[in-house]
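Below is one structure, written out as C-alpha cells, with a few remarks after it.
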Amino acid sequence: MIEGFRQHRLRPTAALNNSIWTAYGRVRLGTVYQTRLKSKPAIERKDKTDPVVSDPHERVLTIPNALTMARIVLSPYIGYLIVQGDCGLALAGCVIFGLTDALDGYIARKYNMSSFVGSIIDPAADKMLMTVLTLALAYNGLLPTVLAVVIVGRDVALSLAAFFIRWATLPPPKSLKRYFDLSIPSVEVRPTLISKWNTALQLLLMGATLSSPVFGIPADWIGFVALQWITGATTIASGVGYLFSKDAVHRLTKAEVAKRIPKPQHILPKKK
C-alpha cells in the first residue's frame, strides 16, 4: 500500500518534468527558428542594395508643380474677368500669375526639384494664360483678330507636336496608360532664346493691352501697334525655331533619368 502511494505521488512529478522538458525543447526550437529567420533577411537586403529599376518614376507632387497647377486653374478665371469688363481685377490676377511663375522656377532650381512634368506643365500654364488673354482681349476688340490667330495657331501647333514627341520618346512598352503617366520621364523641353523673347513680348503686349482701359490709354496708340507687329514676328520666328532647333527637345539618357528618380533608402538593423 505504501509502495502504491509512493508511485501515485511520483506520477505528477514525472508528468511535470516531462512537460517542463517539452516546453524547454519548444523554447530552444523557437529560438533556433527565430535566429534563422533573423539571419535570412540579411541575405535579401544584400541583394536589395543595388536595385534594378525597369520602369523608373520621378516625383510629380512637388511645390513647383503645385504652383504651376494653381496658375493653370487661375487662367480661365482671368479670362472670365476680361469678358465681364473687370480689367482691373484681371490685371491683378496676371501679376499674381507672374509672381508664382518666378517663384516656382526659383524653388525648382534652388532645391533641385526640376522634373519632366514641370518641363511640360510650366510652359503649358504660360501658353494657357496667353491663349485665354488673347481670346478674351480679341473678343472685347482690344487685340487684332489676325494677331490672335497667329498666337493661338502657333500654340496649337506646338501642343500637337508635343503629343507626337511624347509618344515617339516613350520607353517601351508603349501604352496609353504609360503615355499619360507623367511620372515616367522621357524628354525635356528647353525653350529657345527667340522663344523666351517672344514669351516676354507676349506678356508685355497682353499686360499693356489689358491695362489700357484701366489707365485710359487708347487701344490704337502707336506704341501698341508697334508692339503688336514685333510680337507677331517673334511668334512666327519662335514657332519655326522649335522645328529646326536641335536643343529645343532633349531626349533624356538613362543617366539623366537615374538622377531624377529618388533612390530607395533601406533601413538596416543597428548593430548592438
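Just remember, in the C-alpha cells the first chain shown is A, the second B, etc., residues are 1-based per chain, and ligands are 1-based in the order shown.
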Need the shell around Gly232 (chain A): protein/DNA/RNA residues with any atom at most 12 Å away, counting only C-alpha atoms. Skip same-chain ones fewer than 4 positions apart. Format as a list in words?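 After dropping sequence-adjacent residues, the list is Leu143, Pro144, Thr145, Val146, Leu147, Ala148, Val149, Val150, Ile151, Val152, Gly153, Arg154, Trp197, Asn198, Thr199, Leu201, Gln202, Leu205, Val225, Ala226, Leu227, Gln228, Ile236, Ala237, Ser238 and Gly239 of chain A.
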Could you please take those selected residues and save C-alpha atoms as a short mmCIF file (atom, residue, chain, number, x, y, z; two decimals), in the first residue's frame?
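The file below, part-v5.cif, is the result:
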data_model
loop_
_atom_site.label_atom_id
_atom_site.label_comp_id
_atom_site.auth_asym_id
_atom_site.auth_seq_id
_atom_site.Cartn_x
_atom_site.Cartn_y
_atom_site.Cartn_z
CA LEU A 143 -6.50 92.99 -79.83
CA PRO A 144 -6.43 92.48 -83.64
CA THR A 145 -8.03 89.22 -84.77
CA VAL A 146 -5.14 88.39 -87.13
CA LEU A 147 -2.60 88.60 -84.31
CA ALA A 148 -4.83 86.46 -82.11
CA VAL A 149 -4.96 83.78 -84.83
CA VAL A 150 -1.15 83.80 -85.18
CA ILE A 151 -0.55 83.43 -81.42
CA VAL A 152 -3.19 80.74 -80.85
CA GLY A 153 -2.28 78.85 -84.04
CA ARG A 154 1.37 78.65 -83.05
CA TRP A 197 11.99 86.77 -76.06
CA ASN A 198 8.64 86.02 -77.65
CA THR A 199 7.14 84.99 -74.31
CA LEU A 201 6.96 90.28 -75.61
CA GLN A 202 3.62 88.49 -75.45
CA LEU A 205 1.69 93.10 -75.02
CA VAL A 225 0.67 98.95 -82.79
CA ALA A 226 4.48 98.63 -82.93
CA LEU A 227 4.46 96.12 -80.07
CA GLN A 228 1.80 94.07 -81.86
CA ILE A 236 6.24 83.12 -86.09
CA ALA A 237 10.04 83.01 -85.69
CA SER A 238 9.84 81.09 -82.41
CA GLY A 239 7.45 78.54 -83.91
#
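All residues within region 155-200 of chain A that the backbone DSSP calculation assigns to alpha helix (DSSP H) are A:Asp155, A:Val156, A:Ala157, A:Leu158, A:Ser159, A:Leu160, A:Ala161, A:Ala162, A:Phe163, A:Phe164, A:Ile165, A:Arg166, A:Trp167, A:Ala168, A:Thr169, A:Leu176, A:Lys177, A:Arg178, A:Tyr179, A:Leu193, A:Ile194, A:Ser195, A:Lys196, A:Trp197, A:Asn198, A:Thr199, A:Ala200.
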Leaving out Asp122 (chain A) and any residue of its chain fewer than 3 positions from it, which residues lie within 12 Å of it when counting only C-alpha atoms, given as a PDB file with all heavy atoms, in the first residue's frame?
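Full text of selection.pdb as output:
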ATOM      1  N   PRO A  64       6.950  73.265 -56.867  1.00  0.00           N
ATOM      2  CA  PRO A  64       6.862  73.975 -58.153  1.00  0.00           C
ATOM      3  C   PRO A  64       5.704  73.494 -59.019  1.00  0.00           C
ATOM      4  O   PRO A  64       5.010  74.307 -59.649  1.00  0.00           O
ATOM      5  CB  PRO A  64       8.220  73.680 -58.806  1.00  0.00           C
ATOM      6  CG  PRO A  64       9.139  73.406 -57.681  1.00  0.00           C
ATOM      7  CD  PRO A  64       8.298  72.701 -56.667  1.00  0.00           C
ATOM      8  N   ASN A  65       5.470  72.183 -59.062  1.00  0.00           N
ATOM      9  CA  ASN A  65       4.361  71.666 -59.866  1.00  0.00           C
ATOM     10  C   ASN A  65       3.010  72.084 -59.302  1.00  0.00           C
ATOM     11  O   ASN A  65       2.057  72.333 -60.052  1.00  0.00           O
ATOM     12  CB  ASN A  65       4.439  70.144 -59.958  1.00  0.00           C
ATOM     13  CG  ASN A  65       5.622  69.672 -60.775  1.00  0.00           C
ATOM     14  OD1 ASN A  65       6.224  70.436 -61.520  1.00  0.00           O
ATOM     15  ND2 ASN A  65       5.976  68.411 -60.626  1.00  0.00           N
ATOM     16  N   ALA A  66       2.914  72.170 -57.975  1.00  0.00           N
ATOM     17  CA  ALA A  66       1.664  72.619 -57.360  1.00  0.00           C
ATOM     18  C   ALA A  66       1.380  74.081 -57.706  1.00  0.00           C
ATOM     19  O   ALA A  66       0.237  74.456 -57.997  1.00  0.00           O
ATOM     20  CB  ALA A  66       1.734  72.434 -55.845  1.00  0.00           C
ATOM     21  N   LEU A  67       2.409  74.918 -57.673  1.00  0.00           N
ATOM     22  CA  LEU A  67       2.236  76.321 -58.053  1.00  0.00           C
ATOM     23  C   LEU A  67       1.852  76.448 -59.527  1.00  0.00           C
ATOM     24  O   LEU A  67       1.034  77.293 -59.903  1.00  0.00           O
ATOM     25  CB  LEU A  67       3.523  77.105 -57.770  1.00  0.00           C
ATOM     26  CG  LEU A  67       3.892  77.280 -56.293  1.00  0.00           C
ATOM     27  CD1 LEU A  67       5.260  77.954 -56.170  1.00  0.00           C
ATOM     28  CD2 LEU A  67       2.841  78.109 -55.569  1.00  0.00           C
ATOM     29  N   THR A  68       2.434  75.606 -60.354  1.00  0.00           N
ATOM     30  CA  THR A  68       2.099  75.632 -61.778  1.00  0.00           C
ATOM     31  C   THR A  68       0.645  75.232 -62.002  1.00  0.00           C
ATOM     32  O   THR A  68      -0.063  75.846 -62.817  1.00  0.00           O
ATOM     33  CB  THR A  68       3.026  74.693 -62.560  1.00  0.00           C
ATOM     34  OG1 THR A  68       4.385  75.077 -62.329  1.00  0.00           O
ATOM     35  CG2 THR A  68       2.744  74.760 -64.044  1.00  0.00           C
ATOM     36  N   MET A  69       0.183  74.215 -61.302  1.00  0.00           N
ATOM     37  CA  MET A  69      -1.219  73.801 -61.434  1.00  0.00           C
ATOM     38  C   MET A  69      -2.161  74.892 -60.942  1.00  0.00           C
ATOM     39  O   MET A  69      -3.261  75.077 -61.495  1.00  0.00           O
ATOM     40  CB  MET A  69      -1.450  72.506 -60.653  1.00  0.00           C
ATOM     41  CG  MET A  69      -0.718  71.295 -61.208  1.00  0.00           C
ATOM     42  SD  MET A  69      -1.151  70.949 -62.932  1.00  0.00           S
ATOM     43  CE  MET A  69      -2.912  70.636 -62.789  1.00  0.00           C
ATOM     44  N   ALA A  70      -1.733  75.638 -59.926  1.00  0.00           N
ATOM     45  CA  ALA A  70      -2.556  76.755 -59.447  1.00  0.00           C
ATOM     46  C   ALA A  70      -2.682  77.831 -60.527  1.00  0.00           C
ATOM     47  O   ALA A  70      -3.754  78.445 -60.691  1.00  0.00           O
ATOM     48  CB  ALA A  70      -1.949  77.335 -58.176  1.00  0.00           C
ATOM     49  N   ARG A  71      -1.617  78.061 -61.281  1.00  0.00           N
ATOM     50  CA  ARG A  71      -1.682  79.038 -62.377  1.00  0.00           C
ATOM     51  C   ARG A  71      -2.615  78.557 -63.485  1.00  0.00           C
ATOM     52  O   ARG A  71      -3.326  79.368 -64.095  1.00  0.00           O
ATOM     53  CB  ARG A  71      -0.282  79.283 -62.952  1.00  0.00           C
ATOM     54  CG  ARG A  71       0.676  79.900 -61.971  1.00  0.00           C
ATOM     55  CD  ARG A  71       1.794  80.655 -62.662  1.00  0.00           C
ATOM     56  NE  ARG A  71       2.424  79.898 -63.720  1.00  0.00           N
ATOM     57  CZ  ARG A  71       3.432  79.053 -63.540  1.00  0.00           C
ATOM     58  NH1 ARG A  71       3.894  78.839 -62.317  1.00  0.00           N
ATOM     59  NH2 ARG A  71       3.981  78.416 -64.552  1.00  0.00           N
ATOM     60  N   ILE A  72      -2.599  77.259 -63.750  1.00  0.00           N
ATOM     61  CA  ILE A  72      -3.488  76.720 -64.772  1.00  0.00           C
ATOM     62  C   ILE A  72      -4.955  76.912 -64.370  1.00  0.00           C
ATOM     63  O   ILE A  72      -5.808  77.250 -65.198  1.00  0.00           O
ATOM     64  CB  ILE A  72      -3.174  75.234 -65.016  1.00  0.00           C
ATOM     65  CG1 ILE A  72      -1.784  75.096 -65.654  1.00  0.00           C
ATOM     66  CG2 ILE A  72      -4.222  74.580 -65.888  1.00  0.00           C
ATOM     67  CD1 ILE A  72      -1.341  73.664 -65.855  1.00  0.00           C
ATOM     68  N   PHE A  97      -0.064  85.764 -61.223  1.00  0.00           N
ATOM     69  CA  PHE A  97       0.392  84.702 -62.104  1.00  0.00           C
ATOM     70  C   PHE A  97       1.895  84.815 -62.356  1.00  0.00           C
ATOM     71  O   PHE A  97       2.624  83.830 -62.282  1.00  0.00           O
ATOM     72  CB  PHE A  97      -0.375  84.789 -63.433  1.00  0.00           C
ATOM     73  CG  PHE A  97      -0.168  83.615 -64.346  1.00  0.00           C
ATOM     74  CD1 PHE A  97      -1.101  82.598 -64.403  1.00  0.00           C
ATOM     75  CD2 PHE A  97       0.952  83.529 -65.152  1.00  0.00           C
ATOM     76  CE1 PHE A  97      -0.916  81.513 -65.253  1.00  0.00           C
ATOM     77  CE2 PHE A  97       1.153  82.460 -66.001  1.00  0.00           C
ATOM     78  CZ  PHE A  97       0.214  81.445 -66.047  1.00  0.00           C
ATOM     79  N   GLY A  98       2.365  86.027 -62.647  1.00  0.00           N
ATOM     80  CA  GLY A  98       3.784  86.225 -62.912  1.00  0.00           C
ATOM     81  C   GLY A  98       4.650  85.971 -61.689  1.00  0.00           C
ATOM     82  O   GLY A  98       5.749  85.409 -61.808  1.00  0.00           O
ATOM     83  N   THR A 100       3.996  83.899 -59.103  1.00  0.00           N
ATOM     84  CA  THR A 100       4.074  82.467 -58.845  1.00  0.00           C
ATOM     85  C   THR A 100       4.933  81.763 -59.893  1.00  0.00           C
ATOM     86  O   THR A 100       5.594  80.764 -59.585  1.00  0.00           O
ATOM     87  CB  THR A 100       2.667  81.848 -58.826  1.00  0.00           C
ATOM     88  OG1 THR A 100       1.987  82.166 -60.049  1.00  0.00           O
ATOM     89  CG2 THR A 100       1.862  82.388 -57.661  1.00  0.00           C
ATOM     90  N   ASP A 101       4.936  82.282 -61.121  1.00  0.00           N
ATOM     91  CA  ASP A 101       5.783  81.696 -62.165  1.00  0.00           C
ATOM     92  C   ASP A 101       7.258  81.858 -61.805  1.00  0.00           C
ATOM     93  O   ASP A 101       8.055  80.916 -61.945  1.00  0.00           O
ATOM     94  CB  ASP A 101       5.482  82.377 -63.498  1.00  0.00           C
ATOM     95  CG  ASP A 101       6.141  81.654 -64.661  1.00  0.00           C
ATOM     96  OD1 ASP A 101       6.674  80.544 -64.445  1.00  0.00           O
ATOM     97  OD2 ASP A 101       6.142  82.196 -65.774  1.00  0.00           O
ATOM     98  N   ALA A 102       7.627  83.047 -61.339  1.00  0.00           N
ATOM     99  CA  ALA A 102       9.018  83.263 -60.925  1.00  0.00           C
ATOM    100  C   ALA A 102       9.362  82.449 -59.675  1.00  0.00           C
ATOM    101  O   ALA A 102      10.481  81.939 -59.545  1.00  0.00           O
ATOM    102  CB  ALA A 102       9.254  84.745 -60.669  1.00  0.00           C
ATOM    103  N   LEU A 103       8.402  82.296 -58.762  1.00  0.00           N
ATOM    104  CA  LEU A 103       8.655  81.587 -57.510  1.00  0.00           C
ATOM    105  C   LEU A 103       8.879  80.098 -57.742  1.00  0.00           C
ATOM    106  O   LEU A 103       9.814  79.513 -57.173  1.00  0.00           O
ATOM    107  CB  LEU A 103       7.480  81.787 -56.552  1.00  0.00           C
ATOM    108  CG  LEU A 103       7.597  81.105 -55.182  1.00  0.00           C
ATOM    109  CD1 LEU A 103       8.816  81.631 -54.431  1.00  0.00           C
ATOM    110  CD2 LEU A 103       6.324  81.309 -54.375  1.00  0.00           C
ATOM    111  N   ASP A 104       8.055  79.465 -58.564  1.00  0.00           N
ATOM    112  CA  ASP A 104       8.235  78.022 -58.755  1.00  0.00           C
ATOM    113  C   ASP A 104       9.522  77.717 -59.523  1.00  0.00           C
ATOM    114  O   ASP A 104      10.161  76.697 -59.285  1.00  0.00           O
ATOM    115  CB  ASP A 104       7.020  77.399 -59.459  1.00  0.00           C
ATOM    116  CG  ASP A 104       6.912  77.775 -60.930  1.00  0.00           C
ATOM    117  OD1 ASP A 104       7.844  77.530 -61.695  1.00  0.00           O
ATOM    118  OD2 ASP A 104       5.873  78.313 -61.326  1.00  0.00           O
ATOM    119  N   GLY A 105       9.934  78.618 -60.420  1.00  0.00           N
ATOM    120  CA  GLY A 105      11.211  78.422 -61.096  1.00  0.00           C
ATOM    121  C   GLY A 105      12.387  78.530 -60.143  1.00  0.00           C
ATOM    122  O   GLY A 105      13.344  77.751 -60.223  1.00  0.00           O
ATOM    123  N   ALA A 108      12.462  75.350 -57.940  1.00  0.00           N
ATOM    124  CA  ALA A 108      12.923  74.182 -58.701  1.00  0.00           C
ATOM    125  C   ALA A 108      14.434  74.193 -58.876  1.00  0.00           C
ATOM    126  O   ALA A 108      15.085  73.146 -58.787  1.00  0.00           O
ATOM    127  CB  ALA A 108      12.223  74.140 -60.056  1.00  0.00           C
ATOM    128  N   SER A 114      13.537  70.099 -60.284  1.00  0.00           N
ATOM    129  CA  SER A 114      13.178  70.067 -61.695  1.00  0.00           C
ATOM    130  C   SER A 114      12.714  68.668 -62.073  1.00  0.00           C
ATOM    131  O   SER A 114      13.229  67.674 -61.570  1.00  0.00           O
ATOM    132  CB  SER A 114      14.378  70.470 -62.553  1.00  0.00           C
ATOM    133  OG  SER A 114      14.813  71.777 -62.224  1.00  0.00           O
ATOM    134  N   SER A 115      11.722  68.597 -62.950  1.00  0.00           N
ATOM    135  CA  SER A 115      11.163  67.301 -63.330  1.00  0.00           C
ATOM    136  C   SER A 115      10.654  67.362 -64.763  1.00  0.00           C
ATOM    137  O   SER A 115      10.477  68.440 -65.342  1.00  0.00           O
ATOM    138  CB  SER A 115      10.015  66.905 -62.385  1.00  0.00           C
ATOM    139  OG  SER A 115       8.964  67.844 -62.464  1.00  0.00           O
ATOM    140  N   PHE A 116      10.425  66.171 -65.317  1.00  0.00           N
ATOM    141  CA  PHE A 116       9.859  66.086 -66.659  1.00  0.00           C
ATOM    142  C   PHE A 116       8.464  66.705 -66.681  1.00  0.00           C
ATOM    143  O   PHE A 116       8.089  67.409 -67.617  1.00  0.00           O
ATOM    144  CB  PHE A 116       9.804  64.620 -67.103  1.00  0.00           C
ATOM    145  CG  PHE A 116       8.895  64.379 -68.271  1.00  0.00           C
ATOM    146  CD1 PHE A 116       9.238  64.804 -69.540  1.00  0.00           C
ATOM    147  CD2 PHE A 116       7.683  63.729 -68.086  1.00  0.00           C
ATOM    148  CE1 PHE A 116       8.391  64.586 -70.607  1.00  0.00           C
ATOM    149  CE2 PHE A 116       6.843  63.505 -69.145  1.00  0.00           C
ATOM    150  CZ  PHE A 116       7.194  63.940 -70.416  1.00  0.00           C
ATOM    151  N   VAL A 117       7.692  66.462 -65.627  1.00  0.00           N
ATOM    152  CA  VAL A 117       6.348  67.019 -65.547  1.00  0.00           C
ATOM    153  C   VAL A 117       6.402  68.544 -65.536  1.00  0.00           C
ATOM    154  O   VAL A 117       5.637  69.220 -66.221  1.00  0.00           O
ATOM    155  CB  VAL A 117       5.629  66.497 -64.283  1.00  0.00           C
ATOM    156  CG1 VAL A 117       4.234  67.099 -64.178  1.00  0.00           C
ATOM    157  CG2 VAL A 117       5.552  64.993 -64.306  1.00  0.00           C
ATOM    158  N   GLY A 118       7.352  69.080 -64.756  1.00  0.00           N
ATOM    159  CA  GLY A 118       7.484  70.540 -64.692  1.00  0.00           C
ATOM    160  C   GLY A 118       7.875  71.151 -66.022  1.00  0.00           C
ATOM    161  O   GLY A 118       7.406  72.242 -66.381  1.00  0.00           O
ATOM    162  N   SER A 119       8.739  70.448 -66.767  1.00  0.00           N
ATOM    163  CA  SER A 119       9.161  70.976 -68.066  1.00  0.00           C
ATOM    164  C   SER A 119       8.021  70.993 -69.076  1.00  0.00           C
ATOM    165  O   SER A 119       8.098  71.684 -70.089  1.00  0.00           O
ATOM    166  CB  SER A 119      10.330  70.155 -68.615  1.00  0.00           C
ATOM    167  OG  SER A 119       9.908  68.850 -68.966  1.00  0.00           O
ATOM    168  N   ALA A 125       1.220  76.071 -68.775  1.00  0.00           N
ATOM    169  CA  ALA A 125       0.485  77.062 -67.987  1.00  0.00           C
ATOM    170  C   ALA A 125       0.637  78.457 -68.595  1.00  0.00           C
ATOM    171  O   ALA A 125      -0.335  79.222 -68.678  1.00  0.00           O
ATOM    172  CB  ALA A 125       0.980  77.048 -66.546  1.00  0.00           C
ATOM    173  N   ASP A 126       1.860  78.788 -69.022  1.00  0.00           N
ATOM    174  CA  ASP A 126       2.078  80.090 -69.658  1.00  0.00           C
ATOM    175  C   ASP A 126       1.286  80.210 -70.954  1.00  0.00           C
ATOM    176  O   ASP A 126       0.682  81.260 -71.234  1.00  0.00           O
ATOM    177  CB  ASP A 126       3.570  80.290 -69.932  1.00  0.00           C
ATOM    178  CG  ASP A 126       4.394  80.326 -68.653  1.00  0.00           C
ATOM    179  OD1 ASP A 126       3.813  80.640 -67.589  1.00  0.00           O
ATOM    180  OD2 ASP A 126       5.601  80.036 -68.716  1.00  0.00           O
ATOM    181  N   LYS A 127       1.286  79.138 -71.734  1.00  0.00           N
ATOM    182  CA  LYS A 127       0.560  79.172 -73.002  1.00  0.00           C
ATOM    183  C   LYS A 127      -0.944  79.216 -72.787  1.00  0.00           C
ATOM    184  O   LYS A 127      -1.676  79.835 -73.566  1.00  0.00           O
ATOM    185  CB  LYS A 127       0.931  77.952 -73.857  1.00  0.00           C
ATOM    186  CG  LYS A 127       2.388  77.931 -74.272  1.00  0.00           C
ATOM    187  CD  LYS A 127       2.794  79.247 -74.913  1.00  0.00           C
ATOM    188  CE  LYS A 127       4.273  79.308 -75.197  1.00  0.00           C
ATOM    189  NZ  LYS A 127       4.697  80.661 -75.677  1.00  0.00           N
ATOM    190  N   MET A 128      -1.398  78.579 -71.725  1.00  0.00           N
ATOM    191  CA  MET A 128      -2.825  78.610 -71.433  1.00  0.00           C
ATOM    192  C   MET A 128      -3.273  80.019 -71.067  1.00  0.00           C
ATOM    193  O   MET A 128      -4.307  80.503 -71.549  1.00  0.00           O
ATOM    194  CB  MET A 128      -3.159  77.642 -70.296  1.00  0.00           C
ATOM    195  CG  MET A 128      -4.637  77.559 -69.988  1.00  0.00           C
ATOM    196  SD  MET A 128      -5.029  76.286 -68.779  1.00  0.00           S
ATOM    197  CE  MET A 128      -6.817  76.417 -68.737  1.00  0.00           C
ATOM    198  N   LEU A 129      -2.469  80.688 -70.230  1.00  0.00           N
ATOM    199  CA  LEU A 129      -2.800  82.074 -69.888  1.00  0.00           C
ATOM    200  C   LEU A 129      -2.745  82.959 -71.118  1.00  0.00           C
ATOM    201  O   LEU A 129      -3.614  83.813 -71.330  1.00  0.00           O
ATOM    202  CB  LEU A 129      -1.839  82.591 -68.825  1.00  0.00           C
ATOM    203  CG  LEU A 129      -2.023  84.069 -68.443  1.00  0.00           C
ATOM    204  CD1 LEU A 129      -3.384  84.295 -67.794  1.00  0.00           C
ATOM    205  CD2 LEU A 129      -0.904  84.548 -67.532  1.00  0.00           C
ATOM    206  N   GLU A 188      12.875  66.338 -72.273  1.00  0.00           N
ATOM    207  CA  GLU A 188      12.886  67.610 -71.562  1.00  0.00           C
ATOM    208  C   GLU A 188      12.798  68.730 -72.593  1.00  0.00           C
ATOM    209  O   GLU A 188      13.583  68.777 -73.540  1.00  0.00           O
ATOM    210  CB  GLU A 188      14.154  67.755 -70.730  1.00  0.00           C
ATOM    211  CG  GLU A 188      14.193  69.037 -69.904  1.00  0.00           C
ATOM    212  CD  GLU A 188      15.477  69.162 -69.106  1.00  0.00           C
ATOM    213  OE1 GLU A 188      16.520  68.669 -69.579  1.00  0.00           O
ATOM    214  OE2 GLU A 188      15.434  69.732 -68.020  1.00  0.00           O
ATOM    215  N   VAL A 189      11.809  69.596 -72.410  1.00  0.00           N
ATOM    216  CA  VAL A 189      11.607  70.712 -73.333  1.00  0.00           C
ATOM    217  C   VAL A 189      12.437  71.904 -72.855  1.00  0.00           C
ATOM    218  O   VAL A 189      12.290  72.352 -71.715  1.00  0.00           O
ATOM    219  CB  VAL A 189      10.118  71.095 -73.424  1.00  0.00           C
ATOM    220  CG1 VAL A 189       9.927  72.254 -74.388  1.00  0.00           C
ATOM    221  CG2 VAL A 189       9.289  69.902 -73.864  1.00  0.00           C
ATOM    222  N   ARG A 190      13.291  72.393 -73.734  1.00  0.00           N
ATOM    223  CA  ARG A 190      14.155  73.529 -73.416  1.00  0.00           C
ATOM    224  C   ARG A 190      13.806  74.700 -74.334  1.00  0.00           C
ATOM    225  O   ARG A 190      14.026  74.617 -75.544  1.00  0.00           O
ATOM    226  CB  ARG A 190      15.625  73.145 -73.597  1.00  0.00           C
ATOM    227  CG  ARG A 190      16.082  72.017 -72.674  1.00  0.00           C
ATOM    228  CD  ARG A 190      17.498  71.585 -72.980  1.00  0.00           C
ATOM    229  NE  ARG A 190      17.956  70.523 -72.084  1.00  0.00           N
ATOM    230  CZ  ARG A 190      19.142  69.938 -72.170  1.00  0.00           C
ATOM    231  NH1 ARG A 190      19.984  70.287 -73.153  1.00  0.00           N
ATOM    232  NH2 ARG A 190      19.478  68.985 -71.314  1.00  0.00           N
ATOM    233  N   PRO A 191      13.237  75.759 -73.782  1.00  0.00           N
ATOM    234  CA  PRO A 191      12.850  76.895 -74.627  1.00  0.00           C
ATOM    235  C   PRO A 191      14.061  77.518 -75.317  1.00  0.00           C
ATOM    236  O   PRO A 191      15.131  77.651 -74.727  1.00  0.00           O
ATOM    237  CB  PRO A 191      12.218  77.874 -73.633  1.00  0.00           C
ATOM    238  CG  PRO A 191      11.834  77.040 -72.451  1.00  0.00           C
ATOM    239  CD  PRO A 191      12.848  75.946 -72.372  1.00  0.00           C
TER     240      PRO A 191
END
Quick one: residues within 10 Å of region 86-90 of chain A, only C-alpha atoms, excluding same-chain residues fewer than 2 positions away - as a count of residues only? 24
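The coordinates place CA of Thr235 (chain A) at 12.1 Å from CA of Leu193 (chain A).
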Using Å and a single decimal, report how far CA of Ile63 (chain A) sits from CA of Met113 (chain A).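 Rounded to one decimal, the two atoms are 8.2 Å apart.
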